[in-house]
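Down below is the structure, laid out as structure tokens.
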Amino acid sequence: MHDASMWHLKKNGIIVYLDVPLMDIVSRLKFMKIDRIVGQDAGTPMKDLLKFRRQYYKKWYDTRVFCESGASPEEVADKVLSAVKRYQDVDSEMFVSTRHVWPKDDDRKVSTKFFSEAVIEGLASDGGLFVPEKEFPKLNCGEWKSLVGATYIERAQILLEKCIHPADIPAARLGEMIEAAYGENFACSKIAPVRHLSGNQFILELFHGPTGSFKDLSLQLMPHLFAHCIPPSCNYMILVATSGDTGSAVLNGFSRISQNDKRRIAVATFFPENGVSDFQKAQIIGSQKENGWAVGVKSNFDFCQTAVKGIFRDSDFTGFLVMEYGTVLSSANSINWGRLLPQVVYHASAYLDLVSQGFISFGSPVDVCIPTGNFGNILAAVYAKMMGIPIRKFICASNQNHVLTDFIKTGHYDLRERKLTQTFSPAIDILKASNLERHLHLMADKDGELMTKLFNQLEDQHHFQIEKMLVEKIQQDFVADWCSEGECLAAIRSTYNTSGYILDPHTAVAKVVADRTQDKTCPVIVSSTAHYSKFAPAIMQALNIKEINHASSSQLYLLSSYNALPPPHEALLERMKQQEKMEYQVCAADVNVLKNQVEKLIQSQFV
């Protein structure tokens with residue numbers, strides 16, 4: 001409890017925090033027959049004492065050993081040895097590109113990256129995506145059960161500590177970032193609550209963050225991770241392609257880093273000028289801050305995403321920016337590992353909440369149904385399963401742009417005759433699902449050569465076919481279907497009529513597909529990825545509300561008067577009150593024009 005003592009310990013050794021459940025501590029103390037705890041008055045409740053003590057533990061420890069209830073001293077000792085070994089072995093948790101092929105005589109370290117490097121670089125230099133070289137860490141049943149009564153912040157701390165080596169981000173610093181990300185920015189104290197909808201269907205509400213979409217769950221944390229990882233001598237320009245929600249979430253998240261970090265990190269968000277809802281567009285433009293800009297592109301999301309990837313791969317251009325302006329490019333799309341990793345937490349947390357609420361006992365399987373465009377959200381659920389959450393089936397829900405549904409059913413990813421259709425669910429109006437590459441890499445036993453071949457073929461010939469064995473392997477865990485526009489609106493209407501709950505169009509897509517594909521033998525958690533008020537015109541059409549005034553603000557206030565669930569999103573209502581129209585740039589659909597825009601923004605921010 002004294003800083004001088006702890007500095008002495010930290011300087012001379014490794015501090016291991018034995019994180020023991022409250023009830024275990026109470027039962028141990030009964031055996032010891034003592035009447036008070038050092039540093040506290042007699043009669044202080046144990047819960048209060050531990051809460052007081054934990055601030056010191058969290059401030060100083062190097063590595064945590066999670067001691068599940070009833071663990072023997074020998075089991076704990078083994079864990080301590082493993083934790084210390086992990087702490088000392090800084091090269092034990094490296095990242096590789098999905099397209100990397102190990103030559104026979106290769107020096108391993110040339111091609112591997114630390115977590116911090118993967119976060120800074122975003123996209124691998126060979127065009128692939130970074131993935132962990134080893135398997136995901138797995139929690140045992142006792143460790144998961146110990147998290148059933150934990151808060152979202154506590155769950156995030158434990159899970160992310162296991163996935164991020166302390167050499168990259170020390171545990172105490174990671175804890176500070178997690179508390180900054182989820183402490184006061186979310187309208188619901190549970191951060192990502194699970195609500196029972198009907199029968200065995202549950203809604204995972206991922207829209208309580210400041211911009212009203214699931215992107216906030218990762219983009220409130222990722223900017224802190226990024227700012228910690230970058231070296232002090234460079235400036236960084238984050239380039240983001242958005243199909244709607246990512247843009248405002250990135251701009252909001254990076255506006256919350258420290259003033260010092262804002263001087264070194266700026267954000268440019270490219271969005272399809274006419275491919276997002278009016279509200280999303282107003283939100284993206286209105287989220288511009290001193291270190292963030294929105295740029296409309298006269299094309300669709302797939303062009304924006306391909307253009308951003310192309311800019312990263314253009315070594316002449318990126319090299320020029322470093323030499324001329326001392327500025328490095330990076331990404332905050334879900335191609336960035338630091339963006340994808342925090343999403344694993346809410347899938348695990350949803351399962352633990354079902355256990356905590358008594359709907360299931362730990363170990364019982366669940367299905368998850370996720371509206372899927374870029375494959376990041378559903379991939380995070382796959383990683384949660386790898387960590388030990390018993391997910392039985394991943395249900396991939398598409399709208400009329402159902403390239404993923406077709407691929408999961410046939411193994412043929414075919415864009416040749418496909419035109420992107422604009423739908424009521426614009427965030428999944430995507431034809432090139434970036435994160436699919438990570439999943440295929442996993443399913444194909446990390447075959448980098450195959451990934452290079454497939455995704456080069458997709459780039460050049462606009463299609464690829466995987467072999468039958470690989471298709472069957474994917475189909476063991478994945479089910480896929482799609483939903484028409486009429487079915488989407490009908491689901492919003494019928495859900496409201498039966499339960500008084502308003503689904504946003506993306507969640508409605510997932511509900512339609514869950515109803516059609518789920519066999520009712522186990523609970524299904526439907527990911528609700530956005531608050532319905534972001535898509536007011538579609539909701540009003542679904543509920544047959546005739547509204548004369550077409551202003552987004554009046555539509556929002558009208559919907560919020562319905563007293564429906566979920567309640568109105570205060571941060572979104574506040575956004576609509578801001579009358580001033582912000583300026584923003586609009587670009588032609590030309591990669592060179594986008595490059596010029598990036599250079600101008602770097603000049604205005606850093607020069």
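The chains in the structure tokens are called A, B, ... from first to last as shown; in each chain the residues are counted from 1, and the ligands are counted from 1 in the order shown.
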
Write out as a tab-separated table a residue-level contact list of segment 177-264 of chain A versus segment 272-278 of chain A with cut-off 8 Å: for each qualifying residue the closest pair of atoms and the distance in Å to one decimal, counting only C-alpha atoms, rows sorted by chain and residue number upward.
```
residue	atom	partner	partner_atom	distance
A:Thr242	CA	A:Pro272	CA	7.7
A:Ser243	CA	A:Val276	CA	6.6
A:Gly244	CA	A:Val276	CA	5.4
```

Taking the DSSP assignment computed from this structure's backbone, write out as a PyMOL selection string all residues of segment 260-478 of chain A that belong to helix (DSSP H, G or I).
chain A and resi 260-262+278-286+301-313+315-325+337-340+342-356+376-386+403-410+426-428+436-443+448-461+468-477

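Taking only C-alpha atoms into account, His196 of chain A lies nearest to A:Gln357 out of the set A:Thr423, A:Gln357, A:Thr44, A:Gln400.
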
Show me, as a VMD selection string, the residues that have an atom within 6 Å of segment 61-63 of chain A when counting only C-alpha atoms, minus same-chain residues fewer than 6 positions from it.
chain A and resid 15 to 17

Show which residues sit within 8 Å of Arg438 of chain A, as a ChimeraX atom specification. Count only C-alpha atoms, and ignore same-chain residues fewer than 2 positions away.
/A:98,129,131,435-436,440-442

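Closest to Asn377 of chain A among A:His531, A:Lys289, A:Lys473, A:Lys215 is A:Lys215, based on only C-alpha atoms.
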
Name all residues at most 9 Å from Ala491 of chain A (count only C-alpha atoms; drop same-chain ones fewer than 6 positions away) and give them as a ChimeraX atom specification.
/A:503,505,508-509,511-512,542

Selected residues, C-alpha atoms, written as a JSON list (two decimals), in the first residue's frame, please.
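What landed in part-v1.json:
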```
[["chain", "number", "residue", "atom", "x", "y", "z"],
["A", 503, "LEU", "CA", -35.08, -3.46, -34.49],
["A", 505, "PRO", "CA", -32.67, -2.77, -40.34],
["A", 508, "ALA", "CA", -33.93, -7.17, -38.63],
["A", 509, "VAL", "CA", -31.87, -8.89, -41.36],
["A", 511, "LYS", "CA", -33.72, -11.80, -37.05],
["A", 512, "VAL", "CA", -35.21, -12.95, -40.38],
["A", 542, "ALA", "CA", -41.84, -0.43, -41.68]]
```

Select, from A:Pro132, A:Pro371, A:Pro390, A:Gly486, the residue with the minimum atom-to-atom distance to Lys446 of chain A, counting only C-alpha atoms.
A:Pro132

Write out as a compact mmCIF listing (two decimals) with C-alpha atoms, in the first residue's frame each polymer residue whose atoms come within 10 Å of His412 of chain A, counting only C-alpha atoms; drop sequence neighbours fewer than 3 positions from it.
```
# COMPACT_ATOMS: atom_id res chain seq x y z
CA VAL A 403 -22.08 -12.81 -51.71
CA LEU A 404 -21.12 -14.30 -48.31
CA ASP A 406 -23.52 -17.85 -51.58
CA PHE A 407 -19.88 -18.44 -50.69
CA ILE A 408 -20.65 -20.33 -47.46
CA LYS A 409 -23.16 -22.50 -49.32
CA LEU A 415 -18.26 -10.99 -58.06
CA HIS A 463 -13.89 -14.76 -58.33
CA PHE A 464 -12.34 -17.82 -56.69
CA GLN A 465 -13.45 -21.33 -55.78
CA ILE A 466 -12.19 -23.28 -52.76
CA GLU A 467 -11.96 -27.06 -52.66
CA VAL A 471 -16.18 -25.84 -47.88
```

Test item: residues at most 12 Å from His228 of chain A, only C-alpha atoms, excluding those fewer than 4 positions along its chain, as an mmCIF file with all heavy atoms, in the first residue's frame:
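The resulting result09.cif:
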```cif
data_model
loop_
_atom_site.group_PDB
_atom_site.id
_atom_site.type_symbol
_atom_site.label_atom_id
_atom_site.label_comp_id
_atom_site.auth_asym_id
_atom_site.auth_seq_id
_atom_site.Cartn_x
_atom_site.Cartn_y
_atom_site.Cartn_z
ATOM 1 N N PHE A 115 2.585 -7.443 -31.388
ATOM 2 C CA PHE A 115 1.225 -6.886 -31.367
ATOM 3 C C PHE A 115 1.259 -5.399 -31.713
ATOM 4 O O PHE A 115 0.485 -4.918 -32.539
ATOM 5 C CB PHE A 115 0.607 -7.104 -29.974
ATOM 6 C CG PHE A 115 -0.701 -6.387 -29.770
ATOM 7 C CD1 PHE A 115 -1.896 -6.965 -30.155
ATOM 8 C CD2 PHE A 115 -0.737 -5.116 -29.189
ATOM 9 C CE1 PHE A 115 -3.107 -6.291 -29.976
ATOM 10 C CE2 PHE A 115 -1.941 -4.438 -29.007
ATOM 11 C CZ PHE A 115 -3.123 -5.036 -29.395
ATOM 12 N N SER A 116 2.177 -4.666 -31.085
ATOM 13 C CA SER A 116 2.245 -3.212 -31.299
ATOM 14 C C SER A 116 2.534 -2.885 -32.766
ATOM 15 O O SER A 116 1.967 -1.947 -33.331
ATOM 16 C CB SER A 116 3.298 -2.575 -30.394
ATOM 17 O OG SER A 116 4.498 -3.312 -30.426
ATOM 18 N N GLU A 117 3.383 -3.686 -33.412
ATOM 19 C CA GLU A 117 3.693 -3.450 -34.832
ATOM 20 C C GLU A 117 2.481 -3.746 -35.713
ATOM 21 O O GLU A 117 2.202 -3.026 -36.676
ATOM 22 C CB GLU A 117 4.881 -4.320 -35.263
ATOM 23 C CG GLU A 117 6.199 -3.920 -34.613
ATOM 24 C CD GLU A 117 7.331 -4.899 -34.921
ATOM 25 O OE1 GLU A 117 7.131 -6.124 -34.772
ATOM 26 O OE2 GLU A 117 8.406 -4.426 -35.305
ATOM 27 N N VAL A 119 -0.619 -3.476 -34.882
ATOM 28 C CA VAL A 119 -1.597 -2.390 -34.686
ATOM 29 C C VAL A 119 -1.176 -1.142 -35.463
ATOM 30 O O VAL A 119 -1.989 -0.500 -36.118
ATOM 31 C CB VAL A 119 -1.755 -2.069 -33.176
ATOM 32 C CG1 VAL A 119 -2.563 -0.788 -32.963
ATOM 33 C CG2 VAL A 119 -2.418 -3.232 -32.458
ATOM 34 N N ILE A 120 0.109 -0.817 -35.416
ATOM 35 C CA ILE A 120 0.599 0.389 -36.097
ATOM 36 C C ILE A 120 0.488 0.247 -37.619
ATOM 37 O O ILE A 120 0.048 1.152 -38.319
ATOM 38 C CB ILE A 120 2.079 0.671 -35.727
ATOM 39 C CG1 ILE A 120 2.207 1.026 -34.246
ATOM 40 C CG2 ILE A 120 2.636 1.806 -36.577
ATOM 41 C CD1 ILE A 120 3.640 1.014 -33.741
ATOM 42 N N ALA A 167 4.709 -7.046 -22.717
ATOM 43 C CA ALA A 167 5.826 -6.287 -23.297
ATOM 44 C C ALA A 167 5.296 -5.242 -24.284
ATOM 45 O O ALA A 167 5.917 -4.205 -24.500
ATOM 46 C CB ALA A 167 6.798 -7.226 -24.003
ATOM 47 N N ASP A 168 4.141 -5.527 -24.908
ATOM 48 C CA ASP A 168 3.530 -4.564 -25.832
ATOM 49 C C ASP A 168 2.760 -3.494 -25.062
ATOM 50 O O ASP A 168 2.934 -2.305 -25.300
ATOM 51 C CB ASP A 168 2.578 -5.286 -26.791
ATOM 52 C CG ASP A 168 3.325 -6.009 -27.895
ATOM 53 O OD1 ASP A 168 3.978 -5.324 -28.691
ATOM 54 O OD2 ASP A 168 3.260 -7.249 -27.958
ATOM 55 N N ILE A 169 1.873 -3.938 -24.166
ATOM 56 C CA ILE A 169 1.126 -2.995 -23.319
ATOM 57 C C ILE A 169 1.100 -3.566 -21.905
ATOM 58 O O ILE A 169 0.487 -4.611 -21.673
ATOM 59 C CB ILE A 169 -0.314 -2.784 -23.828
ATOM 60 C CG1 ILE A 169 -0.314 -2.289 -25.273
ATOM 61 C CG2 ILE A 169 -1.049 -1.784 -22.924
ATOM 62 C CD1 ILE A 169 -1.682 -2.084 -25.875
ATOM 63 N N PRO A 170 1.763 -2.918 -20.942
ATOM 64 C CA PRO A 170 1.747 -3.422 -19.560
ATOM 65 C C PRO A 170 0.319 -3.510 -19.033
ATOM 66 O O PRO A 170 -0.545 -2.691 -19.395
ATOM 67 C CB PRO A 170 2.554 -2.359 -18.792
ATOM 68 C CG PRO A 170 3.372 -1.661 -19.830
ATOM 69 C CD PRO A 170 2.562 -1.701 -21.093
ATOM 70 N N ARG A 173 -1.337 -0.379 -17.580
ATOM 71 C CA ARG A 173 -1.673 0.614 -18.612
ATOM 72 C C ARG A 173 -2.885 0.163 -19.419
ATOM 73 O O ARG A 173 -3.761 0.966 -19.752
ATOM 74 C CB ARG A 173 -0.457 0.801 -19.541
ATOM 75 C CG ARG A 173 -0.655 1.821 -20.635
ATOM 76 C CD ARG A 173 -0.633 3.243 -20.107
ATOM 77 N NE ARG A 173 -1.053 4.199 -21.133
ATOM 78 C CZ ARG A 173 -2.278 4.688 -21.241
ATOM 79 N NH1 ARG A 173 -3.226 4.327 -20.381
ATOM 80 N NH2 ARG A 173 -2.595 5.549 -22.188
ATOM 81 N N LEU A 174 -2.948 -1.133 -19.724
ATOM 82 C CA LEU A 174 -4.097 -1.680 -20.448
ATOM 83 C C LEU A 174 -5.372 -1.443 -19.644
ATOM 84 O O LEU A 174 -6.411 -1.069 -20.193
ATOM 85 C CB LEU A 174 -3.890 -3.174 -20.724
ATOM 86 C CG LEU A 174 -4.992 -3.900 -21.492
ATOM 87 C CD1 LEU A 174 -5.178 -3.305 -22.884
ATOM 88 C CD2 LEU A 174 -4.686 -5.392 -21.610
ATOM 89 N N GLU A 176 -5.989 0.952 -17.537
ATOM 90 C CA GLU A 176 -6.354 2.376 -17.631
ATOM 91 C C GLU A 176 -7.085 2.661 -18.947
ATOM 92 O O GLU A 176 -8.070 3.403 -18.993
ATOM 93 C CB GLU A 176 -5.098 3.248 -17.560
ATOM 94 C CG GLU A 176 -4.437 3.304 -16.192
ATOM 95 C CD GLU A 176 -3.042 3.928 -16.253
ATOM 96 O OE1 GLU A 176 -2.661 4.447 -17.334
ATOM 97 O OE2 GLU A 176 -2.341 3.894 -15.227
ATOM 98 N N MET A 177 -6.590 2.045 -20.035
ATOM 99 C CA MET A 177 -7.211 2.256 -21.350
ATOM 100 C C MET A 177 -8.636 1.697 -21.373
ATOM 101 O O MET A 177 -9.550 2.322 -21.912
ATOM 102 C CB MET A 177 -6.395 1.566 -22.443
ATOM 103 C CG MET A 177 -5.027 2.139 -22.668
ATOM 104 S SD MET A 177 -4.213 1.154 -23.965
ATOM 105 C CE MET A 177 -2.521 1.654 -23.737
ATOM 106 N N LEU A 221 -11.772 1.918 -27.597
ATOM 107 C CA LEU A 221 -10.528 1.385 -27.030
ATOM 108 C C LEU A 221 -9.343 1.474 -28.002
ATOM 109 O O LEU A 221 -8.231 1.839 -27.618
ATOM 110 C CB LEU A 221 -10.741 -0.078 -26.603
ATOM 111 C CG LEU A 221 -9.517 -0.807 -26.034
ATOM 112 C CD1 LEU A 221 -8.970 -0.087 -24.797
ATOM 113 C CD2 LEU A 221 -9.870 -2.250 -25.691
ATOM 114 N N MET A 222 -9.583 1.141 -29.269
ATOM 115 C CA MET A 222 -8.488 1.025 -30.233
ATOM 116 C C MET A 222 -7.609 2.283 -30.337
ATOM 117 O O MET A 222 -6.379 2.166 -30.410
ATOM 118 C CB MET A 222 -9.071 0.655 -31.609
ATOM 119 C CG MET A 222 -8.024 0.311 -32.641
ATOM 120 S SD MET A 222 -7.818 1.686 -33.783
ATOM 121 C CE MET A 222 -6.620 1.031 -34.906
ATOM 122 N N PRO A 223 -8.174 3.511 -30.318
ATOM 123 C CA PRO A 223 -7.295 4.688 -30.400
ATOM 124 C C PRO A 223 -6.285 4.771 -29.242
ATOM 125 O O PRO A 223 -5.145 5.203 -29.435
ATOM 126 C CB PRO A 223 -8.278 5.869 -30.357
ATOM 127 C CG PRO A 223 -9.545 5.301 -30.915
ATOM 128 C CD PRO A 223 -9.600 3.897 -30.409
ATOM 129 N N HIS A 224 -6.697 4.329 -28.044
ATOM 130 C CA HIS A 224 -5.767 4.326 -26.898
ATOM 131 C C HIS A 224 -4.650 3.301 -27.120
ATOM 132 O O HIS A 224 -3.480 3.568 -26.817
ATOM 133 C CB HIS A 224 -6.522 4.003 -25.600
ATOM 134 C CG HIS A 224 -7.538 5.046 -25.222
ATOM 135 N ND1 HIS A 224 -7.188 6.301 -24.782
ATOM 136 C CD2 HIS A 224 -8.890 5.018 -25.236
ATOM 137 C CE1 HIS A 224 -8.283 7.002 -24.532
ATOM 138 N NE2 HIS A 224 -9.333 6.246 -24.797
ATOM 139 N N PRO A 232 7.514 7.667 -30.599
ATOM 140 C CA PRO A 232 7.303 9.106 -30.369
ATOM 141 C C PRO A 232 7.771 10.015 -31.503
ATOM 142 O O PRO A 232 7.390 11.164 -31.569
ATOM 143 C CB PRO A 232 8.116 9.375 -29.094
ATOM 144 C CG PRO A 232 9.128 8.275 -29.030
ATOM 145 C CD PRO A 232 8.518 7.085 -29.699
ATOM 146 N N ILE A 257 -8.510 10.852 -27.489
ATOM 147 C CA ILE A 257 -7.140 10.619 -27.008
ATOM 148 C C ILE A 257 -6.580 11.934 -26.447
ATOM 149 O O ILE A 257 -7.181 12.993 -26.631
ATOM 150 C CB ILE A 257 -6.223 10.045 -28.118
ATOM 151 C CG1 ILE A 257 -6.227 10.937 -29.370
ATOM 152 C CG2 ILE A 257 -6.643 8.623 -28.474
ATOM 153 C CD1 ILE A 257 -5.331 10.455 -30.504
ATOM 154 N N SER A 258 -5.451 11.886 -25.783
ATOM 155 C CA SER A 258 -4.898 13.080 -25.136
ATOM 156 C C SER A 258 -4.506 14.135 -26.169
ATOM 157 O O SER A 258 -4.264 13.815 -27.336
ATOM 158 C CB SER A 258 -3.667 12.704 -24.310
ATOM 159 O OG SER A 258 -2.583 12.402 -25.178
ATOM 160 N N ASN A 260 -1.795 15.696 -26.461
ATOM 161 C CA ASN A 260 -0.455 15.406 -26.951
ATOM 162 C C ASN A 260 -0.504 14.386 -28.095
ATOM 163 O O ASN A 260 0.164 14.536 -29.122
ATOM 164 C CB ASN A 260 0.405 14.880 -25.795
ATOM 165 C CG ASN A 260 1.872 14.873 -26.174
ATOM 166 O OD1 ASN A 260 2.335 15.757 -26.882
ATOM 167 N ND2 ASN A 260 2.598 13.870 -25.730
ATOM 168 N N ASP A 261 -1.340 13.342 -27.917
ATOM 169 C CA ASP A 261 -1.479 12.314 -28.960
ATOM 170 C C ASP A 261 -2.184 12.868 -30.203
ATOM 171 O O ASP A 261 -1.886 12.465 -31.331
ATOM 172 C CB ASP A 261 -2.229 11.096 -28.414
ATOM 173 C CG ASP A 261 -1.376 10.277 -27.453
ATOM 174 O OD1 ASP A 261 -0.148 10.263 -27.636
ATOM 175 O OD2 ASP A 261 -1.929 9.684 -26.507
ATOM 176 N N ARG A 264 -0.105 14.180 -32.918
ATOM 177 C CA ARG A 264 0.671 13.209 -33.711
ATOM 178 C C ARG A 264 -0.202 12.284 -34.545
ATOM 179 O O ARG A 264 0.281 11.579 -35.410
ATOM 180 C CB ARG A 264 1.527 12.337 -32.772
ATOM 181 C CG ARG A 264 2.469 13.121 -31.883
ATOM 182 C CD ARG A 264 3.428 12.202 -31.165
ATOM 183 N NE ARG A 264 2.761 11.206 -30.348
ATOM 184 C CZ ARG A 264 3.165 9.950 -30.209
ATOM 185 N NH1 ARG A 264 4.222 9.521 -30.850
ATOM 186 N NH2 ARG A 264 2.520 9.119 -29.423
ATOM 187 N N ILE A 265 -1.504 12.218 -34.228
ATOM 188 C CA ILE A 265 -2.384 11.247 -34.895
ATOM 189 C C ILE A 265 -3.590 11.979 -35.486
ATOM 190 O O ILE A 265 -4.308 12.694 -34.781
ATOM 191 C CB ILE A 265 -2.897 10.180 -33.895
ATOM 192 C CG1 ILE A 265 -1.724 9.456 -33.216
ATOM 193 C CG2 ILE A 265 -3.787 9.167 -34.606
ATOM 194 C CD1 ILE A 265 -2.138 8.580 -32.044
ATOM 195 N N GLY A 338 -5.909 -4.390 -33.908
ATOM 196 C CA GLY A 338 -6.286 -3.657 -32.695
ATOM 197 C C GLY A 338 -7.746 -3.251 -32.690
ATOM 198 O O GLY A 338 -8.324 -2.967 -31.642
#
```

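With only C-alpha atoms as the atoms that count, the residue of A:Leu159, A:Leu572, A:Met323, A:Val26 with the shortest distance to Gln280 of chain A is A:Leu572.
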
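Considering only C-alpha atoms, the residue among A:Asn544, A:Trp482, A:Glu133, A:Ile311 positioned nearest to Asn497 of chain A is A:Asn544.
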
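Comparing A:Gly199, A:Gly253, A:Gly149, A:Pro231 by their smallest distance to Ala181 of chain A, the closest is A:Gly253 (using only C-alpha atoms).
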
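Atom to atom, atom CA of Leu352 of chain A and atom CA of Leu147 of chain A stand 7.3 Å apart.
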
Enumerate, in order of chain and increasing residue number, the residues of segment 118-204 of chain A with an atom no farther than 9 Å from segment 358-370 of chain A, each with its shortest atom pair and distance in Å to one decimal, counting only C-alpha atoms, as CSV.
```
residue,atom,partner,partner_atom,distance
A:Cys141,CA,A:Gly363,CA,7.9
A:Trp144,CA,A:Phe362,CA,8.3
A:Lys145,CA,A:Phe362,CA,7.1
A:Val148,CA,A:Phe362,CA,8.9
```
